[in-house]
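Chemist: Got a structure for you, coords_8.txt, holding compact mmCIF, C-alpha atoms.
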# COMPACT_ATOMS: atom_id res chain seq x y z
CA MET A 1 81.62 132.43 95.09
CA ARG A 2 84.78 133.81 93.39
CA HIS A 3 84.45 136.97 95.49
CA PHE A 4 84.00 134.91 98.66
CA LEU A 5 87.03 132.73 97.83
CA LEU A 6 89.13 135.88 97.33
CA ARG A 7 87.92 137.33 100.64
CA ILE A 8 88.84 134.25 102.66
CA GLU A 9 92.21 133.87 100.85
CA PRO A 10 94.25 135.40 103.74
CA VAL A 11 92.81 132.90 106.24
CA ILE A 12 93.33 129.99 103.83
CA TRP A 13 96.89 131.12 103.18
CA LEU A 14 97.63 131.34 106.91
CA LEU A 15 96.42 127.75 107.45
CA PHE A 16 98.13 126.56 104.23
CA GLY A 17 101.44 128.17 105.20
CA GLN A 18 101.34 126.73 108.70
CA GLY A 19 100.44 123.37 107.20
CA LEU A 20 103.63 123.55 105.16
CA LEU A 21 105.78 124.74 108.07
CA ILE A 22 104.36 123.26 111.29
CA GLY A 23 102.50 120.41 109.56
CA THR A 24 105.70 119.14 107.90
CA MET A 25 107.69 119.39 111.15
CA LEU A 26 105.07 117.45 113.16
CA LEU A 27 104.20 114.89 110.48
CA THR A 28 107.80 113.69 110.09
CA GLY A 29 108.05 112.29 113.63
CA TRP A 30 104.40 111.15 113.64
CA VAL A 31 104.72 109.14 110.41
CA LEU A 32 108.11 107.69 111.45
CA VAL A 33 106.77 106.36 114.77
CA VAL A 34 102.99 105.86 114.47
CA GLY A 35 102.84 105.12 110.73
CA ILE A 36 106.00 103.04 110.21
CA GLY A 37 108.04 102.28 113.37
CA VAL A 38 105.36 100.72 115.59
CA PRO A 39 103.43 98.90 112.80
CA LEU A 40 106.65 97.28 111.54
CA GLY A 41 107.72 96.30 115.07
CA LEU A 42 110.79 98.57 114.99
CA ILE A 43 109.50 100.40 118.08
CA ASP A 44 108.03 98.76 121.18
CA PRO A 45 104.21 99.02 120.87
CA ALA A 46 104.03 99.60 124.65
CA ALA A 47 105.08 103.17 123.86
CA LEU A 48 101.63 103.69 122.33
CA SER A 49 99.63 101.78 124.96
CA PHE A 50 96.25 103.41 125.59
CA ASP A 51 97.15 104.70 129.07
CA ARG A 52 100.43 106.27 127.95
CA ALA A 53 98.99 107.71 124.71
CA HIS A 54 95.99 109.13 126.56
CA ALA A 55 98.18 110.68 129.26
CA LEU A 56 100.40 112.27 126.58
CA GLY A 57 97.53 113.54 124.45
CA SER A 58 95.11 114.78 127.07
CA ASN A 59 97.23 117.51 128.66
CA ILE A 60 97.08 121.03 127.25
CA ILE A 61 100.33 120.81 125.25
CA GLY A 62 99.40 117.37 123.92
CA ARG A 63 95.98 118.62 122.81
CA LEU A 64 97.48 121.63 121.02
CA VAL A 65 100.08 119.50 119.22
CA LEU A 66 97.52 116.88 118.17
CA ALA A 67 95.07 119.55 116.98
CA ALA A 68 97.83 121.13 114.86
CA LEU A 69 98.83 117.68 113.58
CA ILE A 70 95.29 117.02 112.32
CA VAL A 71 94.13 120.47 111.19
CA LEU A 72 97.16 122.07 109.48
CA PRO A 73 97.99 119.26 106.98
CA LEU A 74 94.33 119.23 105.90
CA TRP A 75 94.57 122.87 104.77
CA LYS A 76 97.95 122.40 103.12
CA GLY A 77 96.40 119.47 101.26
CA ALA A 78 93.16 121.20 100.28
CA HIS A 79 94.88 124.36 99.02
CA HIS A 80 97.55 122.50 97.04
CA LEU A 81 94.98 120.18 95.45
CA ARG A 82 92.91 123.22 94.46
CA HIS A 83 95.92 124.70 92.69
CA LEU A 84 96.74 121.41 91.03
CA SER A 85 93.19 121.48 89.62
CA ILE A 86 93.62 125.10 88.45
CA ASP A 87 96.94 124.25 86.78
CA PHE A 88 95.25 121.53 84.73
CA ARG A 89 93.02 124.12 83.03
CA GLY A 90 90.62 124.14 85.94
CA ALA A 91 90.05 127.91 86.35
CA GLU A 92 86.40 127.53 85.33
CA ARG A 93 85.61 124.58 87.58
CA ASP A 94 87.40 126.23 90.52
CA VAL A 95 84.08 127.62 91.84
CA VAL A 96 83.06 123.98 92.44
CA VAL A 97 86.42 122.37 93.28
CA ALA A 98 87.55 124.96 95.86
CA PRO A 99 84.36 124.82 98.01
CA ILE A 100 84.45 120.99 97.97
CA LEU A 101 88.12 120.85 99.07
CA TYR A 102 87.81 123.63 101.65
CA GLY A 103 84.54 122.05 102.80
CA ILE A 104 86.30 118.72 103.46
CA ALA A 105 89.09 120.56 105.31
CA THR A 106 86.58 122.57 107.38
CA VAL A 107 84.48 119.57 108.44
CA ALA A 108 87.56 117.44 109.20
CA SER A 109 89.15 120.34 111.14
CA LEU A 110 86.03 120.73 113.30
CA LEU A 111 86.00 116.97 113.90
CA GLY A 112 89.72 117.18 114.75
CA VAL A 113 89.12 119.89 117.35
CA LEU A 114 86.25 117.78 118.75
CA ALA A 115 88.47 114.66 118.78
CA VAL A 116 91.11 116.52 120.79
CA ALA A 117 88.53 118.14 123.10
CA ARG A 118 87.00 114.75 124.06
CA LEU A 119 90.33 113.19 125.08
CA MET T 1 89.98 174.88 94.19
CA ALA T 2 89.13 172.20 91.68
CA GLY T 3 86.79 169.45 92.85
CA PRO T 4 87.87 165.84 93.12
CA ALA T 5 88.51 164.13 89.78
CA HIS T 6 85.88 161.84 88.40
CA PRO T 7 86.94 158.33 89.44
CA LYS T 8 86.67 157.08 85.86
CA ALA T 9 88.25 160.13 84.24
CA MET T 10 91.33 158.19 83.10
CA THR T 11 89.49 155.06 81.99
CA PRO T 12 89.99 154.35 78.27
CA SER T 13 86.81 154.50 76.20
CA LYS T 14 87.34 150.91 75.08
CA PRO T 15 88.94 148.20 77.21
CA GLY T 16 92.47 147.58 75.90
CA ARG T 17 93.83 144.19 74.93
CA THR T 18 95.40 142.35 77.78
CA ARG T 19 99.10 142.34 77.06
CA THR T 20 99.95 139.34 79.15
CA ALA T 21 98.00 136.13 78.85
CA PRO T 22 97.21 134.25 82.04
CA PRO T 23 99.72 131.45 82.62
CA GLN T 24 98.73 128.13 81.12
CA MET T 25 100.19 124.72 81.49
CA PRO T 26 102.04 123.70 78.30
CA ALA T 27 100.65 120.55 76.71
CA SER T 28 104.09 118.94 77.07
CA TRP T 29 104.30 119.55 80.82
CA TRP T 30 105.46 116.00 81.50
CA SER T 31 108.68 116.60 79.56
CA HIS T 32 109.72 119.65 81.64
CA PRO T 33 111.53 118.58 84.82
CA ARG T 34 110.88 121.92 86.58
CA ILE T 35 107.13 121.76 85.88
CA ARG T 36 107.05 118.10 86.89
CA THR T 37 108.68 118.92 90.24
CA TYR T 38 106.32 121.86 90.74
CA LEU T 39 103.29 119.66 90.03
CA LEU T 40 104.64 116.94 92.30
CA PHE T 41 104.91 119.53 95.08
CA ASP T 42 101.21 120.43 94.51
CA ALA T 43 100.25 116.75 94.30
CA THR T 44 101.64 116.09 97.79
CA GLY T 45 98.46 117.94 98.81
CA LEU T 46 96.59 114.66 98.39
CA VAL T 47 99.04 112.88 100.72
CA TYR T 48 98.81 115.67 103.33
CA LEU T 49 95.00 115.65 103.18
CA LEU T 50 94.97 111.87 103.71
CA LEU T 51 97.62 112.08 106.48
CA GLY T 52 95.42 114.64 108.24
CA LEU T 53 92.38 112.36 107.91
CA VAL T 54 94.33 109.32 109.20
CA ALA T 55 95.60 111.40 112.15
CA LEU T 56 91.96 112.40 112.81
CA ARG T 57 90.93 108.73 112.78
CA VAL T 58 93.73 107.78 115.21
CA ILE T 59 93.09 110.65 117.66
CA TRP T 60 89.34 110.04 117.48
CA ALA T 61 90.01 106.41 118.46
CA LEU T 62 92.10 107.60 121.43
CA GLY T 63 89.01 109.38 122.78
CA ALA T 64 86.80 106.31 122.18
CA GLY T 65 88.46 104.01 124.71
CA PRO T 66 91.13 101.28 124.94
CA GLU T 67 89.39 98.70 122.71
CA VAL T 68 88.87 101.10 119.80
CA TRP T 69 92.40 102.47 120.28
CA ASP T 70 94.01 99.01 120.14
CA ALA T 71 91.94 98.01 117.09
CA THR T 72 92.84 101.24 115.28
CA LEU T 73 96.56 100.84 116.00
CA ALA T 74 96.39 97.22 114.83
CA SER T 75 94.78 98.33 111.56
CA LEU T 76 97.78 100.61 110.91
CA SER T 77 99.90 97.43 110.56
CA SER T 78 98.13 96.45 107.34
CA PRO T 79 100.48 96.60 104.31
CA LEU T 80 98.24 99.22 102.68
CA TYR T 81 98.59 101.61 105.63
CA VAL T 82 102.34 100.99 105.96
CA ALA T 83 102.83 101.60 102.22
CA PHE T 84 100.77 104.80 102.47
CA HIS T 85 102.86 106.01 105.42
CA VAL T 86 106.10 105.27 103.53
CA ILE T 87 104.77 107.41 100.65
CA GLY T 88 103.75 109.92 103.33
CA LEU T 89 107.26 110.06 104.76
CA VAL T 90 108.82 110.57 101.30
CA SER T 91 106.25 113.32 100.56
CA VAL T 92 106.81 115.10 103.87
CA ILE T 93 110.60 115.10 103.38
CA PHE T 94 110.21 116.30 99.76
CA VAL T 95 107.86 119.11 100.86
CA GLY T 96 110.16 120.10 103.73
CA VAL T 97 113.31 120.27 101.58
CA ARG T 98 111.54 122.21 98.79
CA PHE T 99 109.51 124.56 101.00
CA PHE T 100 112.43 125.38 103.28
CA SER T 101 114.53 126.24 100.21
CA PHE T 102 111.82 128.77 99.19
CA PHE T 103 111.22 130.16 102.66
CA PRO T 104 114.31 132.41 103.05
CA LYS T 105 113.78 133.92 99.56
CA SER T 106 110.18 134.83 100.36
CA GLN T 107 110.99 136.97 103.40
CA PRO T 108 110.25 140.71 103.16
CA PRO T 109 113.33 143.00 103.07
CA ARG T 110 112.22 144.56 106.36
CA ILE T 111 109.86 143.52 109.14
CA GLY T 112 109.10 146.83 110.87
CA PRO T 113 112.44 148.27 111.96
CA ALA T 114 114.18 144.86 111.82
CA LYS T 115 115.88 143.18 108.90
CA PRO T 116 115.47 139.41 108.60
CA PRO T 117 118.70 137.43 109.11
CA PRO T 118 120.75 136.39 106.03
CA GLN T 119 119.17 133.65 103.93
CA PRO T 120 121.63 130.86 104.89
CA VAL T 121 120.94 131.60 108.58
CA ILE T 122 117.15 131.30 108.05
CA LEU T 123 117.63 128.05 106.12
CA ALA T 124 119.90 126.60 108.82
CA GLY T 125 117.37 127.65 111.48
CA LEU T 126 114.56 125.87 109.63
CA TYR T 127 116.57 122.65 109.39
CA VAL T 128 117.57 122.83 113.06
CA ALA T 129 113.89 123.34 114.00
CA TRP T 130 112.72 120.53 111.68
CA ILE T 131 115.27 118.01 112.96
CA GLY T 132 114.76 119.17 116.55
CA VAL T 133 110.95 118.86 116.43
CA THR T 134 111.18 115.49 114.66
CA VAL T 135 113.66 114.04 117.16
CA LEU T 136 111.79 115.42 120.20
CA PHE T 137 108.29 114.45 118.98
CA GLY T 138 109.56 111.08 117.70
CA LEU T 139 111.31 110.21 120.99
CA ILE T 140 108.24 111.21 123.02
CA LEU T 141 105.94 109.10 120.81
CA ALA T 142 108.40 106.18 120.89
CA GLY T 143 108.47 106.20 124.70
CA ARG T 144 112.11 107.29 125.06
CA ILE T 145 111.18 110.57 126.76
CA PHE T 146 108.40 110.90 129.42
Could you take the file, read its structure, and then write that structure out as structure tokens?
Modeler:
Amino acid sequence: MRHFLLRIEPVIWLLFGQGLLIGTMLLTGWVLVVGIGVPLGLIDPAALSFDRAHALGSNIIGRLVLAALIVLPLWKGAHHLRHLSIDFRGAERDVVVAPILYGIATVASLLGVLAVARL
Amino acid sequence: MAGPAHPKAMTPSKPGRTRTAPPQMPASWWSHPRIRTYLLFDATGLVYLLLGLVALRVIWALGAGPEVWDATLASLSSPLYVAFHVIGLVSVIFVGVRFFSFFPKSQPPRIGPAKPPPQPVILAGLYVAWIGVTVLFGLILAGRIF
């Protein structure tokens, strides 16, 4: 497992790095509007009516942006949590912790791609 | 001509003592501001993982039809979700400020024949991109553009 984790490290790092860079850039606007602005009534909820949201999300650019919004933060999160575990004397348990975290990120990423594909 | 050297010709007969110990967290980590900030940066991983899962739930609902979409959006108004998204916003800004301060320092001295721009220029570019993407994406989501 350690050998496998080392072999996939470049792919994990690519997703982790893009989660930091692109994930942070996309999440800021997403959280401001969808997570805070509309729920608190600061932004007109008509902006996120089903028809408008579906029209925005179902074109090719919308699908790519939404896929990145779901997938990249998952890998930033999984990789950082793995290292938090290692920092708290978790080098031994890493062979269990890393597959669980990357497993969650993999399954959720596949579901994210499916969610965007079925729009 | 001599043949190729034995691959283990230079290996010491006994493995030497490792001169540097692997890094370990000091027991008093909570009293070191730099370690605390570093750990906080790692701990935002939990927030990002949850933000990704919430985004998955929302986009999944968009593909499930108007009723599910409206119910999902309504659930985001619960105080628990709003509190989580406020923590999410603080985390995302903290990660952005910290990561973008690292980014220029981590660039290689050369990328092929080209040299990367000076560090302040890279940093300014990152902030312009961050603010630009946030304003554009935010205005589109809020119904001000398109």
Chemist: Per residue of chain A within 6 Å of chain T, which atom pair is closest and at what distance in Å (one decimal), using only C-alpha atoms, listed by chain and increasing number, as a tab-separated table?
Modeler:
residue	atom	partner	partner_atom	distance
A:Thr24	CA	T:Val92	CA	5.8
A:Met25	CA	T:Trp130	CA	5.2
A:Thr28	CA	T:Thr134	CA	6.0
A:Gly29	CA	T:Gly138	CA	4.5
A:Gly35	CA	T:His85	CA	5.4
A:Ile36	CA	T:Val82	CA	6.0
A:Pro39	CA	T:Ser77	CA	4.4
A:Ala47	CA	T:Gly143	CA	4.6
A:Phe50	CA	T:Pro66	CA	5.6
A:Ile70	CA	T:Gly52	CA	4.7
A:Pro73	CA	T:Tyr48	CA	5.2
A:Leu74	CA	T:Leu49	CA	4.5
A:Gly77	CA	T:Gly45	CA	3.5
A:His80	CA	T:Asp42	CA	4.9
A:Leu81	CA	T:Gly45	CA	5.3
A:Leu84	CA	T:Asp42	CA	5.7
A:Gly112	CA	T:Leu56	CA	5.6
A:Ala115	CA	T:Trp60	CA	4.9
A:Arg118	CA	T:Gly63	CA	5.9
A:Leu119	CA	T:Gly63	CA	4.6
Chemist: Go ahead and compute the interatomic distance for CA of Ala67 in chain A and CA of Ile43 in chain A, in Å to one decimal.
Modeler: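 Going from CA of Ala67 in chain A over to CA of Ile43 in chain A covers 24.0 Å.
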Chemist: Rounded to one decimal place, report the CA of Ala68 in chain A-CA of Thr72 in chain T distance in Å.
Modeler: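 Between these atoms lies a distance of 20.5 Å.
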Chemist: Identify, on the basis of all atoms listed in the file, every residue whose closest approach to range 105-107 of chain A does not exceed 8 Å; exclude the query and any residue fewer than 4 positions from it along the same chain; express the result as a VMD selection string.
Modeler: (chain A and resid 71 74 to 75 78 101 111) or (chain T and resid 49)
Chemist: Write the residues of the selection above to a file with C-alpha atoms, as a PDB file, in the frame of the given file.
Modeler:
ATOM      1  CA  VAL A  71      94.130 120.470 111.190  1.00  0.00           C
ATOM      2  CA  LEU A  74      94.330 119.230 105.900  1.00  0.00           C
ATOM      3  CA  TRP A  75      94.570 122.870 104.770  1.00  0.00           C
ATOM      4  CA  ALA A  78      93.160 121.200 100.280  1.00  0.00           C
ATOM      5  CA  LEU A 101      88.120 120.850  99.070  1.00  0.00           C
ATOM      6  CA  LEU A 111      86.000 116.970 113.900  1.00  0.00           C
TER       7      LEU A 111
ATOM      8  CA  LEU T  49      95.000 115.650 103.180  1.00  0.00           C
TER       9      LEU T  49
END
Chemist: How many Å lie between CA of Phe16 in chain A and CA of Leu72 in chain A, rounded to one decimal?
Modeler: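 It comes out at 7.0 Å.
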Chemist: With all atoms listed in the file as the atoms that count, which of A:Ile22, A:Ala46, A:Val11, A:Leu66 lies nearest to Leu114 in chain A?
Modeler: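 Of A:Ile22, A:Ala46, A:Val11, A:Leu66, the one nearest Leu114 in chain A is A:Leu66, counting all atoms listed in the file.
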Chemist: Find the residue from T:Pro104, T:Ala71, T:Gly16, T:Ile145 that sits nearest to Pro118 in chain T; use only C-alpha atoms when measuring.
Modeler: T:Pro104
Chemist: Give me the box for range 74-88 of chain A as lines of an AutoDock Vina configuration file, namely the centre and edge lengths in Å to one decimal of a box along x, y and z that holds every listed atom plus 4 Å on each side.
Modeler:
center_x = 95.4
center_y = 122.2
center_z = 95.3
size_x = 13.0
size_y = 13.9
size_z = 29.2
